[in-house]
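Participant: Pasting a structure below so you can have a look.
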Amino acid sequence: MDLKYTGAAPSDAERDAVDALLGPPPSGWEGAGERTAEDLRWAKGGASAAKDRRDQLLPALHAVNDRVGWISEGALDYICRRLTVAPAEAYGVATFYAMFSVRPRPAKVLHVCTDLACAARGSASVCADLTERLGPPGTPAEGAVWQESPCLGLCERAPAALLLRAGPDGAHPSQDAPRLSAVVAPAAAEDLLATVRTPEAGPPEPPAASAVPQAGDPGLVLLRRIGTVDPASLDDYRSTGGYAALRRAFSLGPAGVIREVLDAGLVGRGGAAFPTGRKWQATAQQADGPHYLVCNADESEPGTFKDRVLMEGDPYALVEAMTIAGYAIGAHQGYIYLRGEYPRAHERLGHALASARTRGLLGPDVLGQGYAFDIEIRRGAGAYICGEETAIFNSIEGQRGEPRSKPPFPVEKGLFGKPTAVNNVETLVNVLPVLEHGAAAYAATGTRTSTGTKLFCVSGQVTRPGIYELPFGASLRELLGLAGPPERLRAVLLGGAAGGFVRPDELDVPLTFEGTRAAGTTLGSGVVLVLDDSVELPRVLLRIAEFFRDESCGQCVPCRVGTVRQEEALHRIVDRTGAGAAEDIALMREVGQAMRDASICGLGQTAWNAVESAIDRLGVYK
Amino acid sequence: MTAVPLQPPRRLVSFTLDGEETRVPEGSTILDACRSAGKDIPTLCQGDTLTPKNACRVCVVEVEGSRTLAPACSRRAEPDMTVVTDSERARHSRKVVLELLASSTDLSTTPRAEEWIKEYEAQPQRFGADAARVDEQPKIDNELYVRDYDKCILCYKCVDACGEQWQNTFAIAVSGRGFDARISTEHDAALPDSACVFCGNCIEVCPTGALSFSTEFGMRAAGTWDEPAQTRTTTVCAYCGVGCNVTLHVQDNEIVKVTSPHDNPVTHGNLCIKGRFGFQHVQNRD
C-alpha cells in the first residue's frame with residue numbers, strides 16, 4: 001500500500017520497544033533505516049504481510065507507552081511503518097484510549113478512582129489532598145502525574161488508586177524487575193505520595209482472597225479455590241479438581257458439551273443474560289472458519305470487580321473453561337481481552353497460560369486429545385466501550401473500539417469477520433461446575449430460569465465489602481445481611497452505572513434475572529452498591545452521567561451528544577428539587593428515551609437507566 | 001446516450017411498510033424501500049456512493065419485534081418484517097437527534113436541516129445558552145478547501161471516502177473519543193503536511209458543508225454566495241484520457257466549485273485534484 005508517513009524518527013527506546021514486540025524490521029520499507037538499493041529492486045509482498053498484522057497496533061502502542069510513558073510522533077510513525085497503517089488511523093486509535101497520551105508526560109501516572117464506590121468512601125477528600133500537595137490533576141509533579149479515573153475494579157478496598165510506571169521492563173513484567181504497577185487501596189494522600197516517590201517500597205497488595213469475605217466456605221462453587229490454593233500453582237489447581245471438566249468435555253465431544261451447557265440453563269453473566277449454549281451452538285454451526293473465542297475480561301462497569309478476583313485468585317479455572325468453550329465451538333484460538341487497569345490479573349493469567357502450555361494443556365495437542373488450542377491476552381487501554389461485544393473485536397483488530405451495528409451478529413461475523421463466541425469471565429468459569437457435576441446437578445441450584453450461583457460485587461457503605469457467591473434466588477436482604485448493611489440505608493444501585501436503584505423497602509427482591517426484571521431493575525454484571533443517607537444522591541447521579549459522557553465512543557449522535565446534555569441537566573439541578581427541577585427532568589426524559597431507542601449499542605441505550613430509576617423510584621429531586 | 005448498468009435479476013422480498021405490503025429486491029435497505037414508495041425519511045450520514053455508517057441515527061424507524069429502533073439506511077428488508085416509519089417513537093428520536101445536532105454544531109449550510117427541524121418541531125435552543133458546542137474554528141491551511149469542523153456532525157463520510165471506500169489515501173480519521181471526537185489528520189497536522197492528495201472527494205460527500213471549496217467559503221463569508229443564481233453544467237474533464245464527468249457550478253460567469261455526478265457508473269462522483277480544483281485556467285482572461 002502506498003502510504004505517506006510523517007518521517008518523524010523514533011528514539012532508540014521507542015524503536016527497541018516496538019522491535020521487542022514485532023521483531024526487527026525485515027526491510028527498509030518497514031522502517032529499517034534508509035531504504036537500500038536492494039530494497040528498491042525487490043518487492044516481496046511484504047506490505048500485505050505487514051497489513052495482516054494490523055491487530056498488533058494496540059500491543060505496539062502499549063509497548064511504547066509501557067517503555068516511555070507516552071506515544072511520540074516518531075514512535076507512532078515507526079509503528080505505522082512496521083504495520084503498514086496510515087498515520088492518521090493510528091493517531092485515531094491512539095487518541096481513543098484513555099491510558100495513552102500523545103503528549104509528553106512523566107513516566108509515572110497515578111490513577112485515582114473517583115467512581116461510585118470510591119466516591120462513597122471518600123475519594124473526594126483524597127483528590128483534594130492530592131491537589132493541595134501535587135497540584136491539580138494533569139500537572140506533572142515529582143516525576144509523576146495524577147489523574148482522576150473511572151472505576152478501577154478495586155471497590156472492596158475503596159477509595160483506590162493505581163500507579164503505573166513506564167520503564168525499560170514495562171513490556172515484560174517479571175518477578176525480578178522493579179515493580180511497574182502499584183495498587184494503593186484504601187488510599188490516603190500520604191500513602192499515595194510515598195508510592196509516587198518509591199513505587200517499589202509500598203506494602204504488597206493483599207491476596208485476591210481478601211476480596212472474598214466467604215473465602216473457605218465449603219458451599220462456594222465459583223470461588224471455592226480462592227484463598228485455598230496458590231493461584232500460581234498448576235499442581236494445586238489440578239489437585240483440587242482442576243482439568244476434570246476438560247476431560248469430561250473430551251469424552252462428551254463438542255456437541256455433547258453444548259447440550260450439557262444448554263441443559264444446565266447457563267446464561268451470560270456479563271449483563272445481557274443470553275443463553276450461553278445457544279451462543280455456542282450458533283457459532284459451532286457456522287460453515288465459515290476459523291472460529292474464534294473471545295473472553296470478555298474488560299470488566300469496567302463501575303462497581304464490578306468479580307472478574308478481577310476470579311482471574312487473580314483462580315486463573316487456571318479461566319484457562320480450562322476457555323479450552324472447553326473453544327473445543328465446543330470449534331475454535332483453535334482464544335483471546336482474553338483484559339482491561340488495561342488490571343496488571344496483577346495480567347501477570348497471573350500470563351503465568352497460567354505459560355505453565356499450561358508447558359504441560360500440554362494448551363498448544364497443538366491439548367491433553368493428548370489431538371485438539372489444538374491456544375490463548376492470547378490482549379490488553380485494553382482504558383475504554384469502557386471495549387467491553388461491548390463488537391467493540392471488543394474492533395479493539396483487538398487494531399481499529400478504534402467503536403461498536404459495530406448488528407446484524408450481522410458475532411456468531412456469524414465477529415473477530416476478523418469470522419464466527420466468534422464472546423463470553424464474560426464469570427460465564428466461562430461456570431462451565432466447569434456444569435461439566436464436573438452434570439447439567440442436572442448444576443440446574444438444581446438457583447431458580448428455574450436463573451440456574452447456578454451468581455457472584456455479587458458488594459461495595460459502598462457496608463461493613464464487609466467484597467465478592468459474594470450466592471445461589472440465584474437469594475434476596476437482596478440476605479446478601480446485605482452477609483455484607484453488613486449500614487444503619488440508615490438510602491438506596492442500593494443494582495447493575496452498576498447501566499443498572500438501576502432500589503429502595504430500602506424493596507430489599508426482598510429476589511436476585512435473579514427474572515426477579516429483578518419484574519421489579520423493574522436489572523442484575524446487570526452483579527453490582528450491589530450500597531449507599532446510606534450520608535450520600536448526596538444528585539452527586540452520585542452526576543458521577544454516573546460524567547462516566548457515560550467520558551466513555552461514549554462518539555460514533556452515534558444520541559449517545560455522543562445526549563450524554564453531554566444529560567450531564568448538563570444534572571449539573572443544573574444538583575441543588576434543586578420539585579418545580580425547580582421539573583423542566584430539566586422532562587428534558588432528560590426526552591433525551592433519555594432517544595438514547596435508549598436510537599443509540600447503536602448498549603452504552604447509549606442504558607446511559608439514562610440509573611438516572612431515570614433514581615428519579616422515579618427514589619424520588620431524588622422531589 | 002446514458003449507459004444503464006444492468007444488474008443480475010434479484011429475488012423480491014415482501015414485507016409490510018407502514019401497513020402496506022411492499023416488495024423490494026433482496027438486499028435492499030428499508031430506506032431504499034421507503035424511497036421507492038415515495039416516503040421521505042431524513043438522512044444525514046447516509047450517502048448514495050458509500051456504505052452506510054448509520055452514525056447519525058436520524059433515519060431510525062420502528063421494526064416490529066425489535067427492542068430498539070433500526071436505522072433505515074442500513075437495515076436490510078427481511079421477509080415478513082413489519083416496519084413503521086412514522087410512529088411516535090421514531091419521530092421522537094428523529095426530533096431529539098436533530099435537536100442534539102443543531103444545539104452542538106452549526107447546521108446553517110446543511111441542506112434540508114431547517115426544513116426537518118420545522119417538520120419535527122425540534123427546539124435545539126431548549127438545552128440552554130450554556131449547552132456545550134463543538135466550538136471549532138475553520139481550518140484554512142491550503143488554497144483549495146476549508147475544513148470548518150464547527151459544522152461537522154461526525155458522519156464519517158469523508159473518512160470513508162478518503163479511505164478504503166474510494167480514495168485509499170487515508171489522510172484523515174476520527175481521533176479522540178465521545179464529544180471530543182474530531183476528524184483529524186495525524187497529530188492534527190496541516191493538510192499540506194498530511195497524506196492528503198487534494199482530490200476533494202471528501203467535499204463531494206460532506207453532508208453539512210463542513211468541507212467546502214475555498215471559493216465557496218470565501219464567497220459565503222463575503223455574503224456573495226448565491227446558489228439559486230448558479231448554473232450547473234456537466235461536461236468532460238479535459239485533463240486526461242479517463243474522461244471523468246465534471247459539473248461546473250458557475251456564478252457570474254466564474255466557476256465557483258466543481259462536483260461530479262454520483263450516478264456516473266465509472267467514477268461515482270470521484271475526481272482527482274486536476275478535475276476538482278484545476279479550473280482556474282479556464283477563466284484566466286488576460
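Ordering of the C-alpha cells sets the chain letters (A, B, ...), residue numbers begin anew at 1 in every chain, and ligands are numbered from 1 in the order given.
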So which residues touch Val205 of chain B within 9 Å, counting only C-alpha atoms, skipping near sequence neighbours fewer than 2 positions away, as a PDB file with N, CA and C atoms, in the first residue's frame?

Facilitator:
```pdb
ATOM      1  N   GLY B  47     -24.965   8.069   2.420  1.00  0.00           N
ATOM      2  CA  GLY B  47     -24.515   8.640   1.154  1.00  0.00           C
ATOM      3  C   GLY B  47     -24.767   7.665   0.030  1.00  0.00           C
ATOM      4  N   ASP B  48     -25.158   8.185  -1.126  1.00  0.00           N
ATOM      5  CA  ASP B  48     -25.519   7.279  -2.217  1.00  0.00           C
ATOM      6  C   ASP B  48     -24.310   6.544  -2.790  1.00  0.00           C
ATOM      7  N   THR B  49     -23.109   6.993  -2.471  1.00  0.00           N
ATOM      8  CA  THR B  49     -21.939   6.310  -3.031  1.00  0.00           C
ATOM      9  C   THR B  49     -21.127   5.591  -1.960  1.00  0.00           C
ATOM     10  N   LEU B  50     -21.654   5.532  -0.756  1.00  0.00           N
ATOM     11  CA  LEU B  50     -20.879   4.958   0.355  1.00  0.00           C
ATOM     12  C   LEU B  50     -21.683   3.891   1.095  1.00  0.00           C
ATOM     13  N   LYS B 157     -18.350  10.201   6.627  1.00  0.00           N
ATOM     14  CA  LYS B 157     -18.353  10.020   5.173  1.00  0.00           C
ATOM     15  C   LYS B 157     -17.024  10.436   4.552  1.00  0.00           C
ATOM     16  N   CYS B 158     -16.445  11.548   5.045  1.00  0.00           N
ATOM     17  CA  CYS B 158     -15.174  11.987   4.459  1.00  0.00           C
ATOM     18  C   CYS B 158     -14.072  10.962   4.739  1.00  0.00           C
ATOM     19  N   ALA B 161     -14.632   8.094   2.382  1.00  0.00           N
ATOM     20  CA  ALA B 161     -14.288   8.442   1.002  1.00  0.00           C
ATOM     21  C   ALA B 161     -12.778   8.562   0.831  1.00  0.00           C
ATOM     22  N   ASN B 201     -12.596  14.504  -2.812  1.00  0.00           N
ATOM     23  CA  ASN B 201     -13.711  13.563  -2.765  1.00  0.00           C
ATOM     24  C   ASN B 201     -14.416  13.590  -1.410  1.00  0.00           C
ATOM     25  N   CYS B 202     -13.737  14.135  -0.406  1.00  0.00           N
ATOM     26  CA  CYS B 202     -14.384  14.313   0.898  1.00  0.00           C
ATOM     27  C   CYS B 202     -15.407  15.441   0.827  1.00  0.00           C
ATOM     28  N   ILE B 203     -15.079  16.485   0.042  1.00  0.00           N
ATOM     29  CA  ILE B 203     -16.022  17.599  -0.090  1.00  0.00           C
ATOM     30  C   ILE B 203     -17.277  17.110  -0.799  1.00  0.00           C
ATOM     31  N   PRO B 207     -22.070  16.110   4.057  1.00  0.00           N
ATOM     32  CA  PRO B 207     -23.491  16.454   4.027  1.00  0.00           C
ATOM     33  C   PRO B 207     -23.830  17.789   4.678  1.00  0.00           C
ATOM     34  N   GLY B 269     -18.872   9.983  -8.711  1.00  0.00           N
ATOM     35  CA  GLY B 269     -18.723  11.272  -8.028  1.00  0.00           C
ATOM     36  C   GLY B 269     -17.304  11.611  -7.620  1.00  0.00           C
TER      37      GLY B 269
END
```

Participant: For the structure I just gave you, how does DSSP split segment 399-522 of chain A - specifically, which residues are strand (DSSP E or B)? Reply as a ChimeraX atom specification.

Facilitator: /A:420-424,446,451,453-460,466-471,475,489-494,500-502,510

Participant: Based on only C-alpha atoms, which of the residues in chain A come within 9 Å of chain B? I want them as a PyMOL selection string.

Facilitator: chain A and resi 1-6+73+86-97+102+400+405-407+549-565+568-569+584+587+590-591+593-600+605

Participant: Restricting the calculation to only C-alpha atoms: of A:Leu116, A:Val126, A:Ala160, A:Leu58, which residue gets closest to Ile544 of chain A?

Facilitator: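 Closest to Ile544 of chain A, using only C-alpha atoms: A:Leu116.
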
Participant: Given the choices A:Ala141, A:Pro159, A:Glu546, A:Leu83, which gets closest to Val112 of chain A if the distance is worked out from only C-alpha atoms?

Facilitator: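 Ranking A:Ala141, A:Pro159, A:Glu546, A:Leu83 by distance to Val112 of chain A, first place goes to A:Pro159.
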
Participant: Between B:Pro138, B:Tyr239, B:Pro228, B:Asp86, which one has atoms that come closest to His281 of chain B, using only C-alpha atoms?

Facilitator: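 Ranking B:Pro138, B:Tyr239, B:Pro228, B:Asp86 by distance to His281 of chain B, first place goes to B:Tyr239.
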
Participant: Quote the spacing between atom CA of Gly278 of chain B and atom CA of Thr234 of chain B in Å to one decimal place.

Facilitator: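 It comes out at 15.3 Å.
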
Participant: Skip Pro302 of chain A itself and residues of its chain fewer than 3 positions away, then list as a list in words all residues within 9 Å of it, counting only C-alpha atoms.

Facilitator: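 That gives Asp115, Leu116, Ala117, Pro150, Cys151, Leu152, Gly153, Cys155, Glu299, Phe305, Gly495, Gly496, Ala497, Ala498, Val527, Ile544 and Phe547 of chain A.
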
Participant: Write out the residues from the selection above, keeping C-alpha atoms, as a PDB file, in the first residue's frame.

Facilitator:
```
ATOM      1  CA  ASP A 115     -16.137   6.467  40.597  1.00  0.00           C
ATOM      2  CA  LEU A 116     -19.224   5.404  42.525  1.00  0.00           C
ATOM      3  CA  ALA A 117     -17.818   3.013  45.113  1.00  0.00           C
ATOM      4  CA  PRO A 150     -13.191   5.730  36.246  1.00  0.00           C
ATOM      5  CA  CYS A 151     -13.732   2.623  38.369  1.00  0.00           C
ATOM      6  CA  LEU A 152     -10.501   0.650  38.826  1.00  0.00           C
ATOM      7  CA  GLY A 153     -12.303  -2.507  39.949  1.00  0.00           C
ATOM      8  CA  CYS A 155     -14.142  -1.375  45.068  1.00  0.00           C
ATOM      9  CA  GLU A 299     -14.523  -5.519  33.336  1.00  0.00           C
ATOM     10  CA  PHE A 305     -14.631  -6.458  40.339  1.00  0.00           C
ATOM     11  CA  GLY A 495     -26.148  -3.491  37.979  1.00  0.00           C
ATOM     12  CA  GLY A 496     -23.752  -0.562  38.009  1.00  0.00           C
ATOM     13  CA  ALA A 497     -23.912   2.684  36.065  1.00  0.00           C
ATOM     14  CA  ALA A 498     -26.084   0.994  33.460  1.00  0.00           C
ATOM     15  CA  VAL A 527     -23.005  -4.777  41.102  1.00  0.00           C
ATOM     16  CA  ILE A 544     -22.784   8.367  36.559  1.00  0.00           C
ATOM     17  CA  PHE A 547     -18.911   8.434  33.352  1.00  0.00           C
TER      18      PHE A 547
END
```

Participant: Using DSSP on the backbone coordinates, identify the residues of segment 6-145 of chain B assigned to alpha helix (DSSP H); present them as an NGL selection string.

Facilitator: :B and (30-36 or 88-104 or 113-119)

Participant: Quick check, in Å to one decimal: how far apart do atom CA of Val63 of chain B and atom CA of Phe409 of chain A lie?

Facilitator: 17.3 Å

Participant: So which residues touch segment 320-333 of chain A within 7 Å, counting only C-alpha atoms, skipping near sequence neighbours fewer than 4 positions away, as JSON, numbers by chain?

Facilitator: {"A": [243, 246, 249, 254, 255, 257, 258, 280, 281, 283, 284, 290, 291, 292, 293, 316, 372, 373, 374, 375, 428, 429, 431, 432]}

Participant: For the residues in that selection, give me N, CA and C atoms as an mmCIF file, in the first residue's frame.

Facilitator:
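Result written to part_6.cif:
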```cif
data_model
loop_
_atom_site.group_PDB
_atom_site.id
_atom_site.type_symbol
_atom_site.label_atom_id
_atom_site.label_comp_id
_atom_site.auth_asym_id
_atom_site.auth_seq_id
_atom_site.Cartn_x
_atom_site.Cartn_y
_atom_site.Cartn_z
ATOM 1 N N TYR A 243 -9.070 -29.475 35.739
ATOM 2 C CA TYR A 243 -8.967 -30.214 34.478
ATOM 3 C C TYR A 243 -9.803 -31.488 34.449
ATOM 4 N N LEU A 246 -12.423 -30.526 31.734
ATOM 5 C CA LEU A 246 -11.945 -30.633 30.350
ATOM 6 C C LEU A 246 -11.930 -32.102 29.899
ATOM 7 N N ALA A 249 -15.279 -32.989 29.039
ATOM 8 C CA ALA A 249 -15.642 -32.361 27.768
ATOM 9 C C ALA A 249 -15.157 -33.208 26.603
ATOM 10 N N PRO A 254 -17.778 -32.088 21.263
ATOM 11 C CA PRO A 254 -18.249 -30.692 21.238
ATOM 12 C C PRO A 254 -19.774 -30.575 21.342
ATOM 13 N N ALA A 255 -20.501 -31.401 20.596
ATOM 14 C CA ALA A 255 -21.962 -31.295 20.634
ATOM 15 C C ALA A 255 -22.480 -31.652 22.025
ATOM 16 N N VAL A 257 -20.910 -31.199 24.858
ATOM 17 C CA VAL A 257 -20.639 -30.087 25.771
ATOM 18 C C VAL A 257 -21.727 -29.031 25.620
ATOM 19 N N ILE A 258 -22.053 -28.724 24.365
ATOM 20 C CA ILE A 258 -23.066 -27.686 24.133
ATOM 21 C C ILE A 258 -24.410 -28.134 24.718
ATOM 22 N N TRP A 280 -23.032 -20.719 21.742
ATOM 23 C CA TRP A 280 -22.017 -21.673 21.309
ATOM 24 C C TRP A 280 -22.508 -22.496 20.126
ATOM 25 N N GLN A 281 -23.769 -22.912 20.233
ATOM 26 C CA GLN A 281 -24.329 -23.723 19.161
ATOM 27 C C GLN A 281 -24.326 -22.946 17.843
ATOM 28 N N THR A 283 -22.445 -20.511 16.989
ATOM 29 C CA THR A 283 -21.082 -20.327 16.491
ATOM 30 C C THR A 283 -20.564 -21.627 15.894
ATOM 31 N N ALA A 284 -20.780 -22.724 16.609
ATOM 32 C CA ALA A 284 -20.273 -24.021 16.148
ATOM 33 C C ALA A 284 -20.850 -24.394 14.791
ATOM 34 N N PRO A 290 -11.784 -19.586 10.240
ATOM 35 C CA PRO A 290 -11.813 -20.263 11.542
ATOM 36 C C PRO A 290 -12.795 -19.616 12.514
ATOM 37 N N HIS A 291 -13.124 -20.355 13.547
ATOM 38 C CA HIS A 291 -13.954 -19.802 14.609
ATOM 39 C C HIS A 291 -13.040 -19.254 15.701
ATOM 40 N N TYR A 292 -13.520 -18.222 16.385
ATOM 41 C CA TYR A 292 -12.738 -17.645 17.476
ATOM 42 C C TYR A 292 -13.535 -17.623 18.771
ATOM 43 N N LEU A 293 -12.776 -17.676 19.858
ATOM 44 C CA LEU A 293 -13.372 -17.485 21.173
ATOM 45 C C LEU A 293 -12.759 -16.237 21.773
ATOM 46 N N TYR A 316 -6.237 -20.461 36.535
ATOM 47 C CA TYR A 316 -6.308 -21.682 35.722
ATOM 48 C C TYR A 316 -7.747 -22.063 35.403
ATOM 49 N N ALA A 372 -6.127 -28.745 19.028
ATOM 50 C CA ALA A 372 -5.186 -27.637 19.161
ATOM 51 C C ALA A 372 -5.914 -26.401 19.653
ATOM 52 N N PHE A 373 -5.372 -25.801 20.692
ATOM 53 C CA PHE A 373 -5.993 -24.573 21.206
ATOM 54 C C PHE A 373 -4.959 -23.757 21.947
ATOM 55 N N ASP A 374 -4.959 -22.464 21.678
ATOM 56 C CA ASP A 374 -4.105 -21.583 22.467
ATOM 57 C C ASP A 374 -4.825 -20.273 22.750
ATOM 58 N N ILE A 375 -4.307 -19.564 23.719
ATOM 59 C CA ILE A 375 -4.960 -18.353 24.193
ATOM 60 C C ILE A 375 -3.949 -17.219 24.212
ATOM 61 N N LEU A 428 -17.815 -18.075 31.673
ATOM 62 C CA LEU A 428 -16.950 -19.189 31.293
ATOM 63 C C LEU A 428 -16.631 -20.075 32.489
ATOM 64 N N VAL A 429 -16.325 -19.453 33.608
ATOM 65 C CA VAL A 429 -15.941 -20.225 34.780
ATOM 66 C C VAL A 429 -17.097 -21.115 35.248
ATOM 67 N N VAL A 431 -18.866 -22.890 33.431
ATOM 68 C CA VAL A 431 -18.902 -24.103 32.625
ATOM 69 C C VAL A 431 -18.247 -25.268 33.378
ATOM 70 N N LEU A 432 -17.306 -24.938 34.265
ATOM 71 C CA LEU A 432 -16.597 -26.004 34.984
ATOM 72 C C LEU A 432 -17.546 -26.811 35.869
#
```

Participant: Do you know which residues are at most 7 Å from Ser212 of chain B counting only C-alpha atoms, after dropping those on the same chain fewer than 4 positions away, and could you put them as a ChimeraX atom specification?

Facilitator: /B:145-147,203,216-217

Participant: Tell me which protein, DNA and RNA residues are within 10 Å of Ala37 of chain B, counting only C-alpha atoms, leaving out same-chain ones fewer than 3 positions away, and put them as a ChimeraX atom specification.

Facilitator: /B:17,22-24,31-34,40

Participant: Please list as a list in words every residue within 12 Å of Val620 of chain A, counting only C-alpha atoms and excluding residues in the same chain fewer than 4 positions away.

Facilitator: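 Non-adjacent residues within range: Arg490, Ala491, Phe501, Arg503, Asp533, Val535, Glu536, Leu537, Pro538, Arg539, Val540, Leu541, Leu570, Ile573, Val574, Asp575, Arg576, Thr577, Gly578, Ala581, Ala582, Ile585, Ala610, Val611, Glu612, Ser613, Ala614, Ile615 and Asp616 of chain A.
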
Participant: Filtering to N, CA and C atoms, could you give me those residues as a short mmCIF file (atom, residue, chain, number, x, y, z; two decimals), in the first residue's frame?

Facilitator:
```cif
data_model
loop_
_atom_site.label_atom_id
_atom_site.label_comp_id
_atom_site.auth_asym_id
_atom_site.auth_seq_id
_atom_site.Cartn_x
_atom_site.Cartn_y
_atom_site.Cartn_z
N ARG A 490 -30.03 4.21 52.33
CA ARG A 490 -30.79 5.12 51.48
C ARG A 490 -31.20 4.45 50.17
N ALA A 491 -30.27 3.74 49.55
CA ALA A 491 -30.57 3.13 48.26
C ALA A 491 -29.50 2.10 47.92
N PHE A 501 -31.58 1.81 40.57
CA PHE A 501 -31.61 1.87 42.03
C PHE A 501 -32.82 1.11 42.58
N ARG A 503 -35.06 0.81 46.44
CA ARG A 503 -35.25 1.49 47.73
C ARG A 503 -35.04 0.52 48.89
N ASP A 533 -27.61 7.25 54.05
CA ASP A 533 -28.20 8.58 53.83
C ASP A 533 -27.19 9.72 53.97
N VAL A 535 -24.95 10.01 51.76
CA VAL A 535 -24.54 10.23 50.38
C VAL A 535 -25.50 11.21 49.70
N GLU A 536 -24.92 12.15 48.99
CA GLU A 536 -25.77 13.07 48.24
C GLU A 536 -26.08 12.44 46.88
N LEU A 537 -27.31 11.97 46.75
CA LEU A 537 -27.64 11.25 45.51
C LEU A 537 -27.47 12.07 44.23
N PRO A 538 -27.84 13.35 44.23
CA PRO A 538 -27.62 14.10 42.99
C PRO A 538 -26.17 14.06 42.52
N ARG A 539 -25.23 14.00 43.49
CA ARG A 539 -23.81 13.93 43.10
C ARG A 539 -23.47 12.55 42.54
N VAL A 540 -24.10 11.53 43.10
CA VAL A 540 -23.88 10.18 42.57
C VAL A 540 -24.37 10.13 41.11
N LEU A 541 -25.55 10.71 40.88
CA LEU A 541 -26.10 10.71 39.52
C LEU A 541 -25.19 11.48 38.57
N LEU A 570 -28.17 17.53 34.75
CA LEU A 570 -27.96 17.11 36.14
C LEU A 570 -27.14 18.14 36.92
N ILE A 573 -29.50 20.90 38.05
CA ILE A 573 -30.46 20.64 39.12
C ILE A 573 -29.81 20.01 40.35
N VAL A 574 -28.49 20.05 40.42
CA VAL A 574 -27.83 19.33 41.50
C VAL A 574 -28.29 19.80 42.87
N ASP A 575 -28.67 21.08 42.99
CA ASP A 575 -29.15 21.57 44.28
C ASP A 575 -30.63 21.94 44.25
N ARG A 576 -31.34 21.46 43.25
CA ARG A 576 -32.74 21.86 43.13
C ARG A 576 -33.68 20.69 43.37
N THR A 577 -34.91 21.02 43.70
CA THR A 577 -35.93 19.98 43.85
C THR A 577 -37.24 20.51 43.30
N GLY A 578 -38.23 19.60 43.25
CA GLY A 578 -39.60 19.98 42.90
C GLY A 578 -39.70 20.69 41.58
N ALA A 581 -36.74 21.59 39.42
CA ALA A 581 -36.02 20.57 38.66
C ALA A 581 -36.88 19.96 37.56
N ALA A 582 -38.17 20.26 37.61
CA ALA A 582 -39.12 19.55 36.73
C ALA A 582 -38.80 19.70 35.25
N ILE A 585 -35.84 17.64 34.29
CA ILE A 585 -36.16 16.21 34.33
C ILE A 585 -36.94 15.82 33.07
N ALA A 610 -29.96 4.51 35.14
CA ALA A 610 -29.77 4.74 36.57
C ALA A 610 -30.38 6.08 36.99
N VAL A 611 -30.20 7.09 36.13
CA VAL A 611 -30.75 8.40 36.46
C VAL A 611 -32.28 8.32 36.50
N GLU A 612 -32.83 7.64 35.53
CA GLU A 612 -34.29 7.50 35.49
C GLU A 612 -34.80 6.81 36.75
N SER A 613 -34.12 5.72 37.13
CA SER A 613 -34.62 4.99 38.29
C SER A 613 -34.46 5.81 39.56
N ALA A 614 -33.42 6.63 39.63
CA ALA A 614 -33.25 7.48 40.82
C ALA A 614 -34.37 8.51 40.91
N ILE A 615 -34.78 9.00 39.75
CA ILE A 615 -35.85 10.00 39.75
C ILE A 615 -37.18 9.33 40.09
N ASP A 616 -37.45 8.19 39.43
CA ASP A 616 -38.78 7.59 39.57
C ASP A 616 -38.93 6.74 40.82
#
```

Participant: Select, from A:Asp52, A:Ala352, A:Gln285, A:Gly515, the residue with the minimum atom-to-atom distance to Asp235 of chain A, counting only C-alpha atoms.

Facilitator: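 When distances to Asp235 of chain A are compared using only C-alpha atoms, the smallest one comes from A:Ala352.
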
Participant: With distances taken over only C-alpha atoms, which of A:Gly500, A:Gly604, A:Gly460, A:Gly417 is nearest to Leu531 of chain A?

Facilitator: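 Closest candidate: A:Gly460.
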